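work.cif follows (mmCIF, C-alpha atoms and all ligand atoms):
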```cif
data_start
#
loop_
_atom_site.label_atom_id
_atom_site.label_comp_id
_atom_site.auth_asym_id
_atom_site.auth_seq_id
_atom_site.Cartn_x
_atom_site.Cartn_y
_atom_site.Cartn_z
CA MET A 1381 -20.66 91.70 31.02
CA LYS A 1382 -18.84 92.39 27.73
CA ARG A 1383 -16.63 95.49 27.71
CA ILE A 1384 -16.26 97.02 24.27
CA GLY A 1385 -13.99 99.92 23.37
CA ILE A 1386 -14.91 102.18 20.47
CA THR A 1387 -12.26 104.48 19.09
CA GLY A 1388 -11.25 106.31 15.93
CA PRO A 1389 -10.58 109.89 14.86
CA THR A 1390 -12.96 112.82 15.22
CA GLY A 1391 -16.05 112.75 12.99
CA ALA A 1392 -15.60 109.12 11.85
CA GLY A 1393 -18.92 107.97 13.30
CA LYS A 1394 -18.21 106.54 16.76
CA THR A 1395 -21.33 108.07 18.30
CA THR A 1396 -23.43 106.85 15.38
CA ALA A 1397 -22.08 103.29 15.74
CA LEU A 1398 -22.74 103.36 19.47
CA GLN A 1399 -26.44 103.98 18.90
CA ALA A 1400 -26.48 100.43 17.50
CA LEU A 1401 -24.77 99.05 20.58
CA GLU A 1402 -27.23 100.90 22.80
CA GLU A 1403 -30.08 99.14 20.96
CA LEU A 1404 -28.53 95.86 22.12
CA GLY A 1405 -28.77 96.94 25.77
CA ALA A 1406 -25.23 98.21 26.30
CA LEU A 1407 -24.47 101.13 28.59
CA ILE A 1408 -22.61 103.76 26.57
CA LEU A 1409 -19.83 105.67 28.27
CA ASP A 1410 -18.74 108.71 26.28
CA ALA A 1411 -15.25 109.74 27.45
CA ASP A 1412 -15.76 113.31 26.15
CA ALA A 1413 -18.97 113.64 28.19
CA VAL A 1414 -17.32 112.14 31.29
CA TYR A 1415 -14.45 114.61 30.88
CA HIS A 1416 -16.82 117.57 30.43
CA ARG A 1417 -18.68 116.54 33.60
CA LEU A 1418 -15.40 116.26 35.52
CA LEU A 1419 -14.48 119.80 34.39
CA GLU A 1420 -17.72 121.00 36.02
CA GLU A 1421 -17.46 118.88 39.16
CA ASP A 1422 -13.83 118.19 39.98
CA PRO A 1423 -11.89 121.21 41.27
CA ALA A 1424 -8.65 119.14 41.43
CA LEU A 1425 -8.77 118.59 37.65
CA CYS A 1426 -9.40 122.29 36.91
CA GLN A 1427 -6.62 123.31 39.29
CA ALA A 1428 -4.16 120.92 37.62
CA LEU A 1429 -5.07 122.39 34.20
CA THR A 1430 -4.70 126.04 35.23
CA ASP A 1431 -1.44 125.22 37.08
CA ARG A 1432 -0.01 123.97 33.78
CA PHE A 1433 -1.74 126.14 31.13
CA GLY A 1434 -2.37 129.37 33.09
CA ALA A 1435 -5.47 131.48 33.71
CA GLY A 1436 -5.64 132.29 29.97
CA ILE A 1437 -7.66 129.08 29.45
CA LEU A 1438 -10.50 130.37 31.66
CA ASN A 1439 -13.53 132.39 30.54
CA GLU A 1440 -14.89 135.50 32.27
CA ALA A 1441 -16.85 133.34 34.73
CA GLY A 1442 -13.66 131.52 35.77
CA LYS A 1443 -14.65 128.27 34.02
CA LEU A 1444 -12.40 126.37 31.64
CA ASP A 1445 -12.89 127.52 28.03
CA ARG A 1446 -12.14 124.36 26.03
CA LYS A 1447 -11.80 126.19 22.71
CA LYS A 1448 -9.06 128.40 24.23
CA LEU A 1449 -7.27 125.31 25.54
CA GLY A 1450 -7.84 123.54 22.19
CA SER A 1451 -6.23 126.44 20.34
CA VAL A 1452 -3.11 125.95 22.48
CA VAL A 1453 -2.81 122.16 22.35
CA PHE A 1454 -4.06 121.28 18.84
CA GLY A 1455 -1.09 123.20 17.36
CA ASP A 1456 1.48 121.91 19.83
CA PRO A 1457 1.99 118.11 20.13
CA ALA A 1458 4.10 118.41 23.31
CA ALA A 1459 1.41 120.51 25.03
CA LEU A 1460 -1.29 118.00 23.94
CA GLU A 1461 0.82 115.20 25.40
CA GLU A 1462 1.04 117.11 28.70
CA LEU A 1463 -2.72 117.77 28.67
CA ASN A 1464 -3.34 114.04 28.14
CA GLY A 1465 -0.96 113.25 31.01
CA ILE A 1466 -3.10 115.41 33.32
CA THR A 1467 -6.59 114.40 32.15
CA HIS A 1468 -6.40 110.69 31.28
CA GLY A 1469 -5.95 109.45 34.86
CA PHE A 1470 -9.05 111.40 35.98
CA ILE A 1471 -11.08 110.12 33.01
CA GLN A 1472 -9.97 106.49 33.40
CA LYS A 1473 -10.90 106.44 37.10
CA ALA A 1474 -14.37 107.84 36.38
CA LEU A 1475 -14.91 105.31 33.54
CA GLU A 1476 -13.89 102.40 35.76
CA ALA A 1477 -16.49 103.45 38.35
CA GLU A 1478 -19.22 103.65 35.68
CA MET A 1479 -18.30 100.21 34.28
CA ALA A 1480 -18.49 98.66 37.74
CA ARG A 1481 -21.94 100.21 38.17
CA ALA A 1482 -23.10 98.80 34.79
CA GLU A 1483 -21.94 95.32 35.81
CA LYS A 1484 -23.81 95.58 39.11
CA ASP A 1485 -26.95 96.65 37.19
CA GLY A 1486 -26.74 93.42 35.13
CA ARG A 1487 -26.07 95.08 31.76
CA PRO A 1488 -25.08 92.64 28.95
CA ALA A 1489 -22.40 95.08 27.79
CA ALA A 1490 -20.77 98.43 28.40
CA ALA A 1491 -19.00 100.42 25.73
CA ILE A 1492 -16.40 103.16 26.14
CA ASP A 1493 -16.35 105.75 23.35
CA ALA A 1494 -12.94 107.44 23.49
CA ILE A 1495 -10.66 109.10 20.98
CA ALA A 1496 -7.65 108.24 23.14
CA LEU A 1497 -8.82 104.78 24.26
CA ILE A 1498 -5.50 103.15 23.32
CA GLU A 1499 -3.11 105.93 24.40
CA SER A 1500 -4.81 106.22 27.82
CA GLY A 1501 -4.60 102.45 28.46
CA CYS A 1502 -8.41 102.14 28.70
CA ASP A 1503 -8.25 99.52 25.90
CA ARG A 1504 -6.79 97.10 28.44
CA GLN A 1505 -10.13 97.13 30.29
CA CYS A 1506 -11.95 96.00 27.11
CA ASP A 1507 -12.74 92.52 25.71
CA ALA A 1508 -12.73 93.92 22.15
CA VAL A 1509 -11.66 97.23 20.59
CA VAL A 1510 -13.47 98.48 17.47
CA GLY A 1511 -11.98 101.29 15.38
CA ILE A 1512 -14.27 103.52 13.28
CA LEU A 1513 -12.65 105.13 10.23
CA ALA A 1514 -13.66 107.60 7.49
CA PRO A 1515 -11.60 109.78 5.11
CA ALA A 1516 -10.20 112.96 6.73
CA GLU A 1517 -11.83 115.45 4.30
CA LEU A 1518 -15.23 113.90 4.92
CA ARG A 1519 -14.68 114.02 8.68
CA ILE A 1520 -13.70 117.71 8.52
CA ARG A 1521 -17.01 118.55 6.77
CA ARG A 1522 -18.99 116.43 9.23
CA ILE A 1523 -17.52 118.02 12.38
CA MET A 1524 -17.81 121.57 10.99
CA ALA A 1525 -21.53 120.94 10.50
CA ARG A 1526 -22.03 119.07 13.78
CA ASP A 1527 -20.02 121.34 16.10
CA GLY A 1528 -20.46 124.69 14.31
CA ILE A 1529 -16.68 125.18 14.18
CA VAL A 1530 -14.65 126.95 11.50
CA GLU A 1531 -12.58 124.98 9.00
CA ASP A 1532 -9.19 125.93 10.53
CA TYR A 1533 -10.20 124.64 13.97
CA ALA A 1534 -11.65 121.44 12.41
CA ARG A 1535 -8.40 120.86 10.47
CA ALA A 1536 -6.26 121.52 13.56
CA ARG A 1537 -8.32 119.01 15.57
CA VAL A 1538 -8.00 116.37 12.83
CA ALA A 1539 -4.25 117.02 12.37
CA ALA A 1540 -3.61 116.60 16.11
CA GLN A 1541 -4.96 113.04 16.08
CA LYS A 1542 -3.52 109.64 15.23
CA ASP A 1543 -3.69 108.49 11.61
CA GLU A 1544 -5.60 105.54 10.18
CA ALA A 1545 -2.55 103.24 10.34
CA PHE A 1546 -2.47 103.64 14.14
CA TYR A 1547 -6.07 102.48 14.50
CA ARG A 1548 -5.63 99.62 11.99
CA ALA A 1549 -2.60 98.42 13.97
CA HIS A 1550 -4.21 98.56 17.43
CA CYS A 1551 -7.89 97.68 17.00
CA ASP A 1552 -9.36 94.16 16.94
CA PHE A 1553 -12.04 95.19 14.38
CA ILE A 1554 -12.42 98.11 11.93
CA LEU A 1555 -15.71 99.61 10.70
CA GLU A 1556 -15.47 101.98 7.70
CA ASN A 1557 -17.95 104.86 7.35
CA GLY A 1558 -17.13 106.21 3.89
CA PRO A 1559 -18.76 108.71 1.48
CA GLU A 1560 -20.95 106.00 -0.07
CA ASP A 1561 -22.49 105.07 3.31
CA THR A 1562 -25.78 106.47 4.48
CA PRO A 1563 -26.01 106.81 8.27
CA GLU A 1564 -28.58 103.98 8.26
CA ALA A 1565 -26.41 101.59 6.20
CA PHE A 1566 -23.48 102.29 8.52
CA ARG A 1567 -25.63 101.74 11.62
CA GLN A 1568 -26.82 98.37 10.25
CA ARG A 1569 -23.23 97.20 9.64
CA ALA A 1570 -22.28 98.28 13.15
CA LEU A 1571 -25.31 96.40 14.55
CA GLU A 1572 -24.20 93.21 12.78
CA LEU A 1573 -20.66 93.44 14.16
CA PHE A 1574 -21.80 94.18 17.72
CA ARG A 1575 -24.37 91.34 17.70
CA GLY A 1576 -21.51 88.97 16.87
CA LEU A 1577 -19.29 90.43 19.62
CA LEU A 1578 -21.97 90.07 22.30
CA LYS A 1579 -22.48 86.39 21.40
CA ARG A 1580 -18.76 85.48 21.80
C1 LIG B 1601 -8.48 119.34 23.64
C2 LIG B 1601 -9.73 120.07 24.18
C3 LIG B 1601 -9.31 121.35 24.87
C4 LIG B 1601 -10.65 120.41 22.98
O1 LIG B 1601 -11.89 120.92 23.40
P1 LIG B 1601 -13.14 120.97 22.35
O2 LIG B 1601 -14.28 121.64 23.05
O3 LIG B 1601 -12.67 121.50 21.04
O4 LIG B 1601 -13.47 119.45 22.11
P2 LIG B 1601 -14.37 118.39 22.95
O5 LIG B 1601 -13.84 118.27 24.37
O6 LIG B 1601 -15.81 118.66 22.79
O7 LIG B 1601 -13.95 117.04 22.19
C5 LIG B 1601 -14.32 116.93 20.80
C6 LIG B 1601 -13.31 116.11 20.07
O8 LIG B 1601 -12.00 116.72 20.14
C7 LIG B 1601 -11.04 115.70 20.05
N1 LIG B 1601 -10.16 115.63 21.25
C8 LIG B 1601 -10.47 115.90 22.54
N2 LIG B 1601 -9.43 115.64 23.34
C9 LIG B 1601 -8.45 115.19 22.54
C10 LIG B 1601 -7.13 114.72 22.77
N3 LIG B 1601 -6.64 114.68 24.01
N4 LIG B 1601 -6.39 114.31 21.70
C11 LIG B 1601 -6.89 114.36 20.44
N5 LIG B 1601 -8.14 114.77 20.16
C12 LIG B 1601 -8.90 115.18 21.19
C13 LIG B 1601 -11.84 114.38 20.01
O9 LIG B 1601 -12.06 114.03 18.68
C14 LIG B 1601 -13.13 114.74 20.65
O10 LIG B 1601 -14.18 113.87 20.30
C15 LIG B 1601 -10.49 119.19 25.21
O11 LIG B 1601 -11.17 118.16 24.57
C16 LIG B 1601 -9.55 118.58 26.24
O12 LIG B 1601 -9.19 119.26 27.19
N6 LIG B 1601 -9.19 117.27 26.06
C17 LIG B 1601 -8.35 116.55 26.99
C18 LIG B 1601 -9.12 115.39 27.60
C19 LIG B 1601 -9.22 114.22 26.66
O13 LIG B 1601 -8.24 113.56 26.38
N7 LIG B 1601 -10.45 113.99 26.18
C20 LIG B 1601 -10.72 112.87 25.32
C21 LIG B 1601 -11.31 111.78 26.12
S1 LIG B 1601 -10.41 110.26 25.91
N1 LIG B 1602 -22.61 107.90 6.95
C1 LIG B 1602 -22.86 109.15 7.31
N2 LIG B 1602 -23.40 110.02 6.44
C2 LIG B 1602 -23.64 111.32 6.77
N3 LIG B 1602 -23.38 111.84 8.00
C3 LIG B 1602 -22.83 111.02 8.92
C4 LIG B 1602 -22.55 109.64 8.63
N4 LIG B 1602 -22.00 109.08 9.74
C5 LIG B 1602 -21.95 110.05 10.69
N5 LIG B 1602 -22.45 111.21 10.18
C6 LIG B 1602 -22.55 112.51 10.88
O1 LIG B 1602 -21.22 113.01 11.02
C7 LIG B 1602 -21.03 113.60 12.30
C8 LIG B 1602 -19.89 112.89 13.01
O2 LIG B 1602 -20.32 111.58 13.42
P1 LIG B 1602 -20.16 111.14 14.95
O3 LIG B 1602 -20.61 112.23 15.85
O4 LIG B 1602 -20.80 109.79 15.09
O5 LIG B 1602 -18.55 111.02 14.99
P2 LIG B 1602 -17.57 110.70 16.20
O6 LIG B 1602 -16.60 109.69 15.69
O7 LIG B 1602 -18.37 110.33 17.40
O8 LIG B 1602 -16.84 112.10 16.38
P3 LIG B 1602 -16.11 112.79 17.68
O9 LIG B 1602 -14.92 111.96 18.04
O10 LIG B 1602 -15.69 114.13 17.18
O11 LIG B 1602 -17.16 112.86 18.76
C9 LIG B 1602 -22.37 113.52 13.03
O12 LIG B 1602 -23.06 114.74 12.87
C10 LIG B 1602 -23.09 112.38 12.31
O13 LIG B 1602 -24.50 112.54 12.34
#
```

Rewrite the structure from the file as structure tokens, please.
Amino acid sequence: MKRIGITGPTGAGKTTALQALEELGALILDADAVYHRLLEEDPALCQALTDRFGAGILNEAGKLDRKKLGSVVFGDPAALEELNGITHGFIQKALEAEMARAEKDGRPAAAIDAIALIESGCDRQCDAVVGILAPAELRIRRIMARDGIVEDYARARVAAQKDEAFYRAHCDFILENGPEDTPEAFRQRALELFRGLLKR
């Protein structure tokens, strides 16, 4: 089974590219979705987060309010680093279990979609790492529309992330999703790249 890592900054088009990989039979593992599920299901993770960030990150029902936590960490690189130090171990363990299940099921490939694929060390579990890039202003517009968030929050999220040079330095392949690309043209280019990777 081929293990492919997909990374790149918010709004670049990782999820869109992964639809192409899914067409080729790959199991898609979305690190954000795995993390959101762990927040619902794993009391140890929630306890570790409230121990560090306090009860102010909870909503009235006692559940973690990610936007409250995001408002703390997206403006404070040291706090984001600490958050990553708490969450990445939980996420990596859950992803490893899902990959093992995909292999047992006889999947031709499994792909991890993760913003922090490289920083968390998950890239070391992958046969190839593909970075998806698009200009920051375009990404800000795309995530405001997709997530219904205000411009300041979108800018803070973008500013908290690694720059293009980081992804160009660490990825084996780069796919660009610029202003001239339609979603379909981008998907086709992704499909071509992934077909080649699965044949290797
Ligand atoms: C930072 C938090 C509070 C933001 O919550 P919010 O609801 O705004 O975002 P959501 O979880 O839906 O993620 C949306 C996007 O935010 C960005 N993002 C999320 N976590 C991080 C992070 N640690 N570093 C940089 N960007 C991040 C990514 O682009 C992600 O795709 C939350 O995502 C969190 O607690 N993240 C830590 C866990 C983590 O590292 N997740 C990424 C999986 S590798
Ligand atoms: N070429 C394109 N033209 C127009 N819209 C696009 C294009 N590519 C992606 N989009 C849209 O932009 C938004 C962001 O794309 P996508 O969700 O794939 O990004 P992502 O890299 O997975 O982001 P995140 O890390 O925040 O989850 C989506 O709503 C998607 O439909």

| field | Selected residue of minimal separation from A:Gln1505 among A:Glu1517, A:Asp1527, A:Glu1476, A:Glu1560, counting all atoms listed in the file | value |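 Distance minimum relative to A:Gln1505 lands on A:Glu1476.
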
Quick one: residues within 9 Å of A:Ala1400, only C-alpha atoms, excluding same-chain residues fewer than 5 positions away - as an mmCIF file with C-alpha atoms, keeping the file's coordinate frame?
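What follows is the written file around03.cif:
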```cif
data_model
loop_
_atom_site.group_PDB
_atom_site.id
_atom_site.type_symbol
_atom_site.label_atom_id
_atom_site.label_comp_id
_atom_site.auth_asym_id
_atom_site.auth_seq_id
_atom_site.Cartn_x
_atom_site.Cartn_y
_atom_site.Cartn_z
ATOM 1 C CA ARG A 1567 -25.630 101.740 11.620
ATOM 2 C CA GLN A 1568 -26.820 98.370 10.250
ATOM 3 C CA ALA A 1570 -22.280 98.280 13.150
ATOM 4 C CA LEU A 1571 -25.310 96.400 14.550
ATOM 5 C CA GLU A 1572 -24.200 93.210 12.780
ATOM 6 C CA PHE A 1574 -21.800 94.180 17.720
#
```

Please tabulate, as a Markdown table, the residues of chain A that come within 6 Å of ligand LIG 1602 (chain B), each with its closest pair of atoms and the distance in Å to one decimal, counting only C-alpha atoms and all ligand atoms and ordering rows by chain, then residue number upward.
```
| residue | atom | partner | partner_atom | distance |
| --- | --- | --- | --- | --- |
| A:Pro1389 | CA | B:LIG1602 | O9 | 5.8 |
| A:Thr1390 | CA | B:LIG1602 | O9 | 3.5 |
| A:Gly1391 | CA | B:LIG1602 | O8 | 3.5 |
| A:Ala1392 | CA | B:LIG1602 | O6 | 4.0 |
| A:Gly1393 | CA | B:LIG1602 | O4 | 3.2 |
| A:Lys1394 | CA | B:LIG1602 | O6 | 3.7 |
| A:Thr1395 | CA | B:LIG1602 | O4 | 3.7 |
| A:Thr1396 | CA | B:LIG1602 | O4 | 4.0 |
| A:Ile1495 | CA | B:LIG1602 | O9 | 5.9 |
| A:Arg1522 | CA | B:LIG1602 | O1 | 4.5 |
| A:Ile1523 | CA | B:LIG1602 | C7 | 5.6 |
| A:Arg1526 | CA | B:LIG1602 | O12 | 4.5 |
| A:Asn1557 | CA | B:LIG1602 | N1 | 5.6 |
| A:Asp1561 | CA | B:LIG1602 | N1 | 4.6 |
| A:Thr1562 | CA | B:LIG1602 | N1 | 4.3 |
| A:Pro1563 | CA | B:LIG1602 | N1 | 3.8 |
| A:Phe1566 | CA | B:LIG1602 | N1 | 5.9 |
```

| request: Would you mind reading off the distance between atom CA of A:Ala1397 and atom CA of A:Glu1420, one decimal, in Å? | output: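 Computing it gives 27.3 Å between the two atoms.
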
| request: Report as a VMD selection string which protein, DNA and RNA residues come within 8 Å of ligand LIG 1601 (chain B), using only C-alpha atoms and all ligand atoms. | output: chain A and resid 1389 to 1391 1411 to 1416 1445 to 1451 1453 to 1454 1460 to 1461 1463 to 1464 1467 to 1468 1471 1493 to 1497 1500 1537 to 1538 1540 to 1542

| Do you have the atom CA of A:Ile1554-atom CA of A:Ala1482 distance handy? | 25.2 Å

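For the pair atom CA of A:Gly1385 and atom CA of A:Asp1552, the interatomic distance is 9.8 Å.
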